[in-house]
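Colleague: Structure in structure tokens, see below.
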Amino acid sequence: MSHPQANPRSEPIPQFDLSDQYAAVGAEIRTAIDRVLSSQQFVLGREGAAFEEEIAVLCGVAHGVGVASGTEALILALRACGVQAGDEVLLPTYTFVATGSAVSALGAKPVFVDIRPETYNLDPVELERRVTSRTRAIIAVHLYGLAADMDPILAFAKSRKLPLIEDCAQAIGALYKGRRAGSFGDAACFSFYPTKNLGAYGDAGMIVSNSAELAAHLGTLRNHGQTTMYRSSEPGWNSRLDEIQAAVLRVKLRHLAEWQGTRRSHAAEYTRLLRQVPGVMPPHEPEGLEHVYHQYTIRTEQRDALQRHLAARRIGTTVYYPYPLHLQPLYAQLGHRAGAFPHAERAAQEVLSLPMYPELRKDQIAHVVEAIAEFLKC
Ligand SMILES: *Cc1c(COP(=O)(O)O)cnc(C)c1O
């Protein structure tokens, strides 16, 4: 017969869960949504403008332009930086597919770059090998919440006079040598997809830039290229951020620093416990960088078996990402073969993202690590 106290940890531990966050901030959010409903202003109003300002301040950048999603932010930023059909854009092969499909959406060609195995971010040395006379821009992705190595990437972009776009979808608030992710590039793109560290209740995105000219251009591109009412001087489209999403995000932004602190303390606890477990590599936080742990991602050669073992114990995990972009069916016509980007390919076989969200408890973290240790010992 089972003792009621014998297995207090049998509750499932999801990889990600927003329900406790909603319980904590729901009342504030409903008040904010009510404010928008009473105003009856749903598009390009006060909430959106205030949120643009707040994100720009957070990043230490002059301007913010709210848009419909992170993917739209990338497409608009590439377009505003002059990328056209037939141009080449350098980007890491190890990222969410949106980084590549934004390039493809403009008819441009993604040119992939391998990653550094310990940070999962693009290897600046590889840029030199892949650049051609047709290269028109570079996208640096800050994967899992860790900034890419911006000093050499910026130096390369400057020396080649190429615009640099940061994909900050997973890294809002991350620091690189005291500066925020998003403050390095000509433009930086954010996603507020519900599961991101700052998540809307639907889709939303933003572009930040220090260039007043670029920000003004983005402001017209997201709204049909209109420079004044009903007067367009170039083709744009509709990619506006709505007021309800902006209001939700402004409430959550007030809690973001606290949530990031909790994520970092969970990561420190995982890493402390995992150091006793041979055969797993915890994430690496290089000196001078501050990771915001959108994901806490470990590596092990027995990844698939470990994932099954944890699932049997009702511990949720996710593989971000099982296919590097160069091996996606989407890019089959580019003709890349397995082996072309070895670090990305090996990461795709070995990574596993563990449960990570601010409301996770320390005893749950200990339980996850015990289950990992149990698997790796046998
Ligand atoms: C989420 C994400 C995007 C796309 O953002 P959406 O808001 O879902 O369009 C782009 N790049 C990366 C790295 C992402 O994680």
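Residue names in the structure tokens use chain letters A, B, ... in the order shown, residue numbers from 1 in each chain, and ligand numbers from 1 in the order shown.
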Extract the full set of strand (DSSP E) residues from segment 266-309 of chain A according to DSSP on the backbone, and format it as a VMD selection string.
Modeller: chain A and resid 289 to 290 296 to 299
Colleague: Name the residues in contact with segment 142-159 of chain A at a cut-off of 7 Å, using only C-alpha atoms, excluding same-chain residues fewer than 3 positions from it; report them as a PyMOL selection string.
Modeller: chain A and resi 95+120-122+124+162-164+167-168+170-171+174-176+181+290-295
Colleague: Would you please give, as a PyMOL selection string, all residues of segment 72-301 of chain A that DSSP assigns to alpha helix (DSSP H) based on the backbone?
Modeller: chain A and resi 72-80+97-105+124-130+150-160+212-221+243-274
Colleague: Please identify the residues whose atoms come within 6 Å of ligand 1, using only C-alpha atoms and all ligand atoms, and report them as a PDB file with N, CA, C and O atoms, in the first residue's frame.
Modeller:
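Heads up, here's the output in out.pdb:
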```pdb
ATOM      1  N   SER A  69       4.428  40.121 -35.479  1.00  0.00           N
ATOM      2  CA  SER A  69       5.061  38.902 -34.959  1.00  0.00           C
ATOM      3  C   SER A  69       6.582  39.045 -35.070  1.00  0.00           C
ATOM      4  O   SER A  69       7.082  39.978 -35.706  1.00  0.00           O
ATOM      5  N   GLY A  70       7.285  38.091 -34.507  1.00  0.00           N
ATOM      6  CA  GLY A  70       8.742  38.075 -34.627  1.00  0.00           C
ATOM      7  C   GLY A  70       9.182  37.817 -36.061  1.00  0.00           C
ATOM      8  O   GLY A  70      10.167  38.389 -36.542  1.00  0.00           O
ATOM      9  N   THR A  71       8.436  36.957 -36.743  1.00  0.00           N
ATOM     10  CA  THR A  71       8.757  36.668 -38.147  1.00  0.00           C
ATOM     11  C   THR A  71       8.596  37.924 -39.001  1.00  0.00           C
ATOM     12  O   THR A  71       9.467  38.251 -39.823  1.00  0.00           O
ATOM     13  N   THR A  95      18.815  27.269 -35.728  1.00  0.00           N
ATOM     14  CA  THR A  95      17.889  28.274 -35.217  1.00  0.00           C
ATOM     15  C   THR A  95      16.471  27.802 -35.513  1.00  0.00           C
ATOM     16  O   THR A  95      16.276  26.789 -36.200  1.00  0.00           O
ATOM     17  N   PHE A  96      15.484  28.544 -35.015  1.00  0.00           N
ATOM     18  CA  PHE A  96      14.098  28.264 -35.397  1.00  0.00           C
ATOM     19  C   PHE A  96      13.930  28.623 -36.871  1.00  0.00           C
ATOM     20  O   PHE A  96      14.545  29.570 -37.361  1.00  0.00           O
ATOM     21  N   ALA A  98      11.947  30.231 -38.579  1.00  0.00           N
ATOM     22  CA  ALA A  98      11.534  31.591 -38.960  1.00  0.00           C
ATOM     23  C   ALA A  98      12.708  32.469 -39.387  1.00  0.00           C
ATOM     24  O   ALA A  98      12.551  33.337 -40.247  1.00  0.00           O
ATOM     25  N   THR A  99      13.884  32.265 -38.787  1.00  0.00           N
ATOM     26  CA  THR A  99      15.037  33.089 -39.152  1.00  0.00           C
ATOM     27  C   THR A  99      15.358  32.918 -40.636  1.00  0.00           C
ATOM     28  O   THR A  99      15.682  33.885 -41.332  1.00  0.00           O
ATOM     29  N   ASP A 167      18.438  38.645 -34.200  1.00  0.00           N
ATOM     30  CA  ASP A 167      17.201  37.920 -33.902  1.00  0.00           C
ATOM     31  C   ASP A 167      17.190  37.677 -32.393  1.00  0.00           C
ATOM     32  O   ASP A 167      17.840  36.765 -31.885  1.00  0.00           O
ATOM     33  N   ALA A 169      14.506  37.019 -30.559  1.00  0.00           N
ATOM     34  CA  ALA A 169      13.230  36.399 -30.190  1.00  0.00           C
ATOM     35  C   ALA A 169      13.310  35.630 -28.870  1.00  0.00           C
ATOM     36  O   ALA A 169      12.352  35.576 -28.116  1.00  0.00           O
ATOM     37  N   GLN A 170      14.478  35.034 -28.596  1.00  0.00           N
ATOM     38  CA  GLN A 170      14.617  34.216 -27.377  1.00  0.00           C
ATOM     39  C   GLN A 170      15.420  34.923 -26.292  1.00  0.00           C
ATOM     40  O   GLN A 170      15.699  34.327 -25.254  1.00  0.00           O
ATOM     41  N   SER A 191      10.236  38.719 -30.680  1.00  0.00           N
ATOM     42  CA  SER A 191       8.954  38.023 -30.779  1.00  0.00           C
ATOM     43  C   SER A 191       8.320  38.020 -29.402  1.00  0.00           C
ATOM     44  O   SER A 191       9.009  37.793 -28.403  1.00  0.00           O
ATOM     45  N   PHE A 192       7.021  38.253 -29.360  1.00  0.00           N
ATOM     46  CA  PHE A 192       6.278  38.131 -28.101  1.00  0.00           C
ATOM     47  C   PHE A 192       5.264  36.993 -28.212  1.00  0.00           C
ATOM     48  O   PHE A 192       4.185  37.034 -27.622  1.00  0.00           O
ATOM     49  N   TYR A 193       5.621  35.979 -28.987  1.00  0.00           N
ATOM     50  CA  TYR A 193       4.837  34.745 -29.046  1.00  0.00           C
ATOM     51  C   TYR A 193       4.616  34.277 -27.598  1.00  0.00           C
ATOM     52  O   TYR A 193       5.484  34.474 -26.748  1.00  0.00           O
ATOM     53  N   ASP A 203      -0.202  36.736 -31.117  1.00  0.00           N
ATOM     54  CA  ASP A 203       1.073  37.052 -31.774  1.00  0.00           C
ATOM     55  C   ASP A 203       1.405  38.529 -31.642  1.00  0.00           C
ATOM     56  O   ASP A 203       0.514  39.383 -31.657  1.00  0.00           O
ATOM     57  N   ALA A 204       2.696  38.824 -31.531  1.00  0.00           N
ATOM     58  CA  ALA A 204       3.169  40.213 -31.483  1.00  0.00           C
ATOM     59  C   ALA A 204       4.682  40.209 -31.678  1.00  0.00           C
ATOM     60  O   ALA A 204       5.344  39.203 -31.412  1.00  0.00           O
ATOM     61  N   GLY A 205       5.208  41.341 -32.146  1.00  0.00           N
ATOM     62  CA  GLY A 205       6.654  41.454 -32.339  1.00  0.00           C
ATOM     63  C   GLY A 205       7.088  42.901 -32.313  1.00  0.00           C
ATOM     64  O   GLY A 205       6.254  43.816 -32.223  1.00  0.00           O
TER      65      GLY A 205
END
```
Colleague: As a ChimeraX atom specification, please: the residues near segment 342-354 of chain A (cut-off 10 Å, only C-alpha atoms, same-chain neighbours under 2 positions excluded).
Modeller: /A:13-16,92-95,113-118,120-123,144,270,280-281,294-304,306-307,310,315-327,338-340,356-357,365,368-369
Colleague: Neighbouring residues of Arg46 of chain A were defined as those with any atom within 10 Å, considering only C-alpha atoms; residues of the same chain fewer than 4 positions away were excluded. Please report them as a list in words.
Modeller: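 So the residues in contact are Val36, Ser39, Gln41, Phe42, Ala50, Phe51, Glu52, Glu243, Ala246 and Ala247 of chain A.
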Colleague: With N, CA and C atoms retained, export the selected residues as a PDB file, in the first residue's frame.
Modeller:
```pdb
ATOM      1  N   VAL A  36      -8.343  49.065 -22.710  1.00  0.00           N
ATOM      2  CA  VAL A  36      -8.343  49.143 -24.180  1.00  0.00           C
ATOM      3  C   VAL A  36      -9.776  49.059 -24.707  1.00  0.00           C
ATOM      4  N   SER A  39     -11.472  52.280 -24.353  1.00  0.00           N
ATOM      5  CA  SER A  39     -10.959  53.324 -25.261  1.00  0.00           C
ATOM      6  C   SER A  39     -11.475  53.113 -26.688  1.00  0.00           C
ATOM      7  N   GLN A  41      -9.966  51.933 -29.031  1.00  0.00           N
ATOM      8  CA  GLN A  41      -8.881  52.154 -30.003  1.00  0.00           C
ATOM      9  C   GLN A  41      -8.048  50.884 -30.032  1.00  0.00           C
ATOM     10  N   PHE A  42      -8.030  50.198 -31.170  1.00  0.00           N
ATOM     11  CA  PHE A  42      -7.467  48.851 -31.216  1.00  0.00           C
ATOM     12  C   PHE A  42      -6.155  48.738 -31.981  1.00  0.00           C
ATOM     13  N   ALA A  50       3.400  53.442 -26.180  1.00  0.00           N
ATOM     14  CA  ALA A  50       4.073  53.365 -24.882  1.00  0.00           C
ATOM     15  C   ALA A  50       4.942  52.111 -24.798  1.00  0.00           C
ATOM     16  N   PHE A  51       4.427  50.997 -25.338  1.00  0.00           N
ATOM     17  CA  PHE A  51       5.179  49.737 -25.295  1.00  0.00           C
ATOM     18  C   PHE A  51       6.445  49.829 -26.164  1.00  0.00           C
ATOM     19  N   GLU A  52       6.344  50.481 -27.310  1.00  0.00           N
ATOM     20  CA  GLU A  52       7.526  50.681 -28.169  1.00  0.00           C
ATOM     21  C   GLU A  52       8.619  51.420 -27.389  1.00  0.00           C
ATOM     22  N   GLU A 243      -3.506  46.934 -29.974  1.00  0.00           N
ATOM     23  CA  GLU A 243      -3.509  47.579 -28.656  1.00  0.00           C
ATOM     24  C   GLU A 243      -3.720  46.601 -27.501  1.00  0.00           C
ATOM     25  N   ALA A 246      -0.445  44.896 -26.867  1.00  0.00           N
ATOM     26  CA  ALA A 246       0.497  45.851 -26.259  1.00  0.00           C
ATOM     27  C   ALA A 246       0.158  46.054 -24.787  1.00  0.00           C
ATOM     28  N   ALA A 247      -1.139  46.130 -24.463  1.00  0.00           N
ATOM     29  CA  ALA A 247      -1.547  46.344 -23.069  1.00  0.00           C
ATOM     30  C   ALA A 247      -1.163  45.140 -22.201  1.00  0.00           C
TER      31      ALA A 247
END
```
Colleague: With distances taken over only C-alpha atoms, which of A:Pro282, A:Gly236, A:Gly335, A:Gly202 is nearest to Glu269 of chain A?
Modeller: A:Pro282
Colleague: Quick one: pull the distance between atom CA of Gln245 of chain A and atom CA of Ala56 of chain A, Å, one decimal.
Modeller: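 Between these atoms lies a distance of 17.0 Å.
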Colleague: Which is closer to His63 of chain A than all the others in A:Asn223, A:Gln328, A:Thr132, A:Ser209, using only C-alpha atoms?
Modeller: A:Ser209
